[in-house]
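Chemist: A single structure is presented below for examination.
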Amino acid sequence: MWLVKTCNKKGSSMLRHSSRSLLLAAACCACGVAAAKTRPPVTYTYTTIYYPGSLQTSPVAVDADGTVLGQWYDQEFNEHGFIYKDGTYTSIDYPGAQSTFPSAITPAGLVVGGYLDSNYAEHGFEYSVTAKGKAVYTAINVPGGNNTIMSAAAPGGKLFGTTQGAGNATELFSYVQKTFTILLSTNTPIPTSASGNGIVAGYFAGSTYPSPTTAFTYAGGITTTLPVPSGQVSTIAYGVNNAGTVVGETVNSSYVDGGFVYSSNGTMTALNPPGAASSYLTAINNKGTITGIAYDKNYNQTAYSYIDGVFSPIAPPGGAAPGAQSINASGQVLGSYYGPDGAEAYLATPVP
């Protein structure tokens with residue numbers, strides 16, 4: 001296990017990202033994760049989430065009250081968004097769009113994401129429902145920018161996205177009360193999540209593919225570039241909480257993934273479940289509960305949660321290759337697996 005100390009940097013140093021698998025291995029008391037202590041593993045009940053008639057259903061995020069935001073694919077593999085609540089599915093399709101792909105949902109029910117128009121240009125959007133039940137869609141496009149996508153949303157309503165600015169440079173921006181503010185415009189910033197108090201986590205993708213990536217956070221005008229530990233070539237941040245604790249993955253030169261937890265005091269700690277050949281961490285809530293994905297030496301995929309030094313397996317019955325995508329304040333985990341209908345989503349609820 002490695003520990004690295006780094007300092008905040010001010011600099012000028014965001015996109016929809018696909019769900020991936022994760023896993024972890026060691027307690028981390030200096031980084032905002034609860035210290036190890038004796039406790040039983042968490043057990044879960046499971047709800048299958050499969051948009052009716054879809055070719056594939058994928059998870060995106062779960063809100064504090066258990067509202068699920070997801071994506072479904074029709075038989076032509078066109079993308080659509082949906083909300084699932086209390087057994088009811090509501091499709092999200094930007095009017096006239098070729099495809100709609102949601103990215104985040106706030107406690108107030110505001111959904112943000114992106115869509116493709118008839119010319120396959122990308123645009124950001126927000127979606128809400130009025131008190132009378134009317135769906136309202138609003139396009140979000142940075143003036144002078146191209147291919148705008150909304151990527152993250154803080155519960156207070158501050159939205160974050162990316163656009164292509166001058167010279168096709170990727171720019172990270174915030175959007176509040178219809179006002180755009182460019183935050184970063186160098187190093188190809190890709191945001192992946194935002195905390196409740198507006199900390200953005202993501203990674204710098206580099207200018208060519210494939211190229212090493214570097215995790216970062218942005219808060220209050222300060223960009224913090226997370227360290228790349230010895231023996232690793234890339235870092236990617238997937239989740240961040242209000243304490244500024246970041247979780248994600250490292251990648252070494254042999255393309256083996258490992259999970260990491262980074263605290264706001266600059267400490268980075270490896271966290272991987274026992275026996276995992278590779279793993280990474282996908283999300284963290286404000287209580288410090290982490291979710292992740294792991295693989296054994298035969299590339300079998302598993303999902304888990306981690307808190308207080310204890311790894312708890314997440315295994316929807318009747319499914320294979322479970323992944324964990326999102327976690328809410330009460331510890332509900334949203335993920336994916338292969339079930340009777342193919343790729344499906346699930347919601348795992350902790351048993352008290």
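Scheme for the structure tokens: letters A, B, ... for chains in order shown; per-chain residue numbers from 1; ligand numbers from 1 in order shown.
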Could you list, as an MDAnalysis selection string, every residue within 12 Å of Gly231 in chain A, counting only C-alpha atoms and ignoring same-chain residues fewer than 5 positions away?
Modeler: chainID A and resid 1:2 250:258
Chemist: So that I can check the surroundings of range 44-50 of chain A, please list as a PyMOL selection string every protein, DNA and RNA residue that reaches within 12 Å of it, counting only C-alpha atoms and ignoring chain neighbours fewer than 4 positions away.
Modeler: chain A and resi 54-60+62+66-73+82-90+304-305+312-319+331-352
Chemist: Measuring between only C-alpha atoms, which one of A:Gly144, A:Gly220, A:Gly157, A:Gly198 shows the shortest distance to Val111 in chain A?
Modeler: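 Result for the nearest residue to Val111 in chain A: A:Gly157.
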Chemist: Taking the chain letters and numbering used in this document, name the residues of range 53-279 of chain A that DSSP puts in strand (DSSP E), as a ChimeraX atom specification.
Modeler: /A:56-62,68-73,79-85,88-92,99-105,111-116,122-129,135-140,146-153,159-164,170-176,179-184,189-194,200-204,214-219,222-225,232-240,246-252,257-262,267-270,278-279
Chemist: Print the selection's residues with C-alpha atoms to a file, as a compact mmCIF listing (two decimals), in the first residue's frame.
Modeler:
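The resulting selection_21.txt:
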```
# COMPACT_ATOMS: atom_id res chain seq x y z
CA GLN A 56 -30.25 -2.66 -22.28
CA THR A 57 -30.72 -0.66 -19.07
CA SER A 58 -27.79 1.11 -17.41
CA PRO A 59 -27.45 2.94 -14.06
CA VAL A 60 -26.47 6.59 -13.77
CA ALA A 61 -27.18 7.88 -10.23
CA VAL A 62 -29.41 7.40 -7.18
CA VAL A 68 -33.00 6.31 -9.73
CA LEU A 69 -31.64 8.03 -12.82
CA GLY A 70 -30.71 5.69 -15.63
CA GLN A 71 -30.29 5.15 -19.32
CA TRP A 72 -31.99 2.71 -21.63
CA TYR A 73 -31.32 1.64 -25.19
CA GLU A 79 -29.98 6.20 -26.04
CA HIS A 80 -32.76 7.46 -23.78
CA GLY A 81 -32.82 8.60 -20.17
CA PHE A 82 -35.30 7.56 -17.49
CA ILE A 83 -36.30 8.10 -13.89
CA TYR A 84 -37.46 5.22 -11.71
CA LYS A 85 -39.42 5.89 -8.53
CA THR A 88 -42.83 3.78 -12.06
CA TYR A 89 -40.59 4.50 -15.05
CA THR A 90 -40.56 7.90 -16.78
CA SER A 91 -38.57 8.24 -20.00
CA ILE A 92 -36.44 11.35 -20.56
CA SER A 99 -30.12 10.41 -28.42
CA THR A 100 -30.48 11.61 -24.84
CA PHE A 101 -27.98 10.72 -22.13
CA PRO A 102 -28.52 11.96 -18.55
CA SER A 103 -25.59 12.53 -16.19
CA ALA A 104 -26.83 13.66 -12.77
CA ILE A 105 -29.92 14.38 -10.65
CA VAL A 111 -31.83 16.17 -14.25
CA VAL A 112 -28.90 17.30 -16.39
CA GLY A 113 -27.08 15.63 -19.25
CA GLY A 114 -26.55 15.86 -22.98
CA TYR A 115 -28.30 15.10 -26.24
CA LEU A 116 -27.46 14.74 -29.92
CA GLU A 122 -23.89 17.60 -28.71
CA HIS A 123 -25.84 19.93 -26.45
CA GLY A 124 -26.39 20.12 -22.72
CA PHE A 125 -29.86 20.07 -21.21
CA GLU A 126 -31.77 20.23 -17.97
CA TYR A 127 -35.07 18.46 -17.27
CA SER A 128 -37.60 19.10 -14.53
CA VAL A 129 -41.27 18.43 -13.80
CA ALA A 135 -42.07 17.96 -18.23
CA VAL A 136 -39.86 20.95 -19.00
CA TYR A 137 -36.69 20.64 -21.12
CA THR A 138 -34.15 23.44 -21.48
CA ALA A 139 -31.11 23.37 -23.76
CA ILE A 140 -27.81 24.52 -22.23
CA ASN A 146 -19.43 23.70 -29.37
CA ASN A 147 -20.53 20.27 -28.18
CA THR A 148 -21.67 21.30 -24.71
CA ILE A 149 -22.43 18.50 -22.24
CA MET A 150 -23.64 18.77 -18.64
CA SER A 151 -21.73 16.31 -16.49
CA ALA A 152 -22.40 16.94 -12.80
CA ALA A 153 -24.81 18.71 -10.46
CA LEU A 159 -24.30 22.64 -12.51
CA PHE A 160 -21.06 21.69 -14.23
CA GLY A 161 -20.23 20.71 -17.78
CA THR A 162 -17.76 20.89 -20.62
CA THR A 163 -17.69 22.58 -23.96
CA GLN A 164 -15.25 23.03 -26.82
CA THR A 170 -12.14 21.41 -23.73
CA GLU A 171 -13.37 23.88 -21.11
CA LEU A 172 -14.88 23.08 -17.72
CA PHE A 173 -17.67 25.51 -16.77
CA SER A 174 -20.24 26.09 -14.06
CA TYR A 175 -23.83 27.12 -14.75
CA VAL A 176 -25.86 28.91 -12.09
CA THR A 179 -24.88 32.30 -15.97
CA PHE A 180 -21.85 30.48 -17.42
CA THR A 181 -18.42 30.71 -15.81
CA ILE A 182 -15.38 29.07 -17.42
CA LEU A 183 -13.40 27.37 -14.64
CA LEU A 184 -10.66 25.48 -16.46
CA PRO A 189 -10.59 18.53 -17.91
CA ILE A 190 -13.26 15.83 -17.67
CA PRO A 191 -15.60 16.18 -14.64
CA THR A 192 -17.10 13.00 -13.22
CA SER A 193 -18.90 14.11 -10.05
CA ALA A 194 -19.69 17.02 -7.75
CA VAL A 200 -15.83 18.99 -8.61
CA ALA A 201 -13.79 15.81 -9.15
CA GLY A 202 -12.57 14.44 -12.44
CA TYR A 203 -9.45 13.92 -14.48
CA PHE A 204 -7.25 15.59 -17.07
CA THR A 214 -4.37 12.69 -13.90
CA ALA A 215 -7.12 13.08 -11.30
CA PHE A 216 -8.06 16.54 -10.05
CA THR A 217 -10.47 18.45 -7.87
CA TYR A 218 -11.68 22.00 -8.32
CA ALA A 219 -13.21 24.11 -5.53
CA ILE A 222 -8.37 26.23 -6.58
CA THR A 223 -7.35 23.29 -8.74
CA THR A 224 -5.73 20.37 -6.90
CA THR A 225 -3.92 17.86 -9.08
CA GLN A 232 1.47 4.01 -11.46
CA VAL A 233 1.01 5.94 -14.71
CA SER A 234 -2.57 7.27 -14.46
CA THR A 235 -5.17 8.35 -11.93
CA ILE A 236 -8.90 8.97 -12.43
CA ALA A 237 -11.28 10.43 -9.81
CA TYR A 238 -14.86 9.12 -9.88
CA GLY A 239 -16.43 10.32 -6.64
CA VAL A 240 -16.08 13.09 -4.04
CA VAL A 246 -11.98 11.55 -3.40
CA VAL A 247 -12.17 7.96 -4.62
CA GLY A 248 -11.09 6.55 -7.95
CA GLU A 249 -8.53 4.37 -9.64
CA THR A 250 -4.89 4.19 -10.49
CA VAL A 251 -3.48 2.34 -13.50
CA ASN A 252 0.03 0.93 -13.82
CA ASP A 257 -6.32 -1.02 -11.94
CA GLY A 258 -6.19 -0.23 -8.24
CA GLY A 259 -8.51 1.73 -5.96
CA PHE A 260 -7.45 4.86 -4.09
CA VAL A 261 -8.84 7.20 -1.44
CA TYR A 262 -7.50 10.76 -1.32
CA THR A 267 -3.02 11.83 1.89
CA MET A 268 -3.60 9.20 -0.78
CA THR A 269 -4.15 5.59 0.28
CA ALA A 270 -4.56 2.43 -1.79
CA SER A 278 -7.50 -5.49 -9.94
CA SER A 279 -10.13 -3.09 -8.66
```
Chemist: Give the answer as one residue: which of A:Lys178, A:Ser118, A:Thr213, A:Pro227 has the shortest atom-to-atom distance to Val142 in chain A, using only C-alpha atoms?
Modeler: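 Ranking A:Lys178, A:Ser118, A:Thr213, A:Pro227 by distance to Val142 in chain A, first place goes to A:Lys178.
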Chemist: For Thr289 in chain A, find every residue with an atom within 7 Å (counting only C-alpha atoms), except residues of its own chain fewer than 3 positions away, and show them as a PyMOL selection string.
Modeler: chain A and resi 284-285+305-307
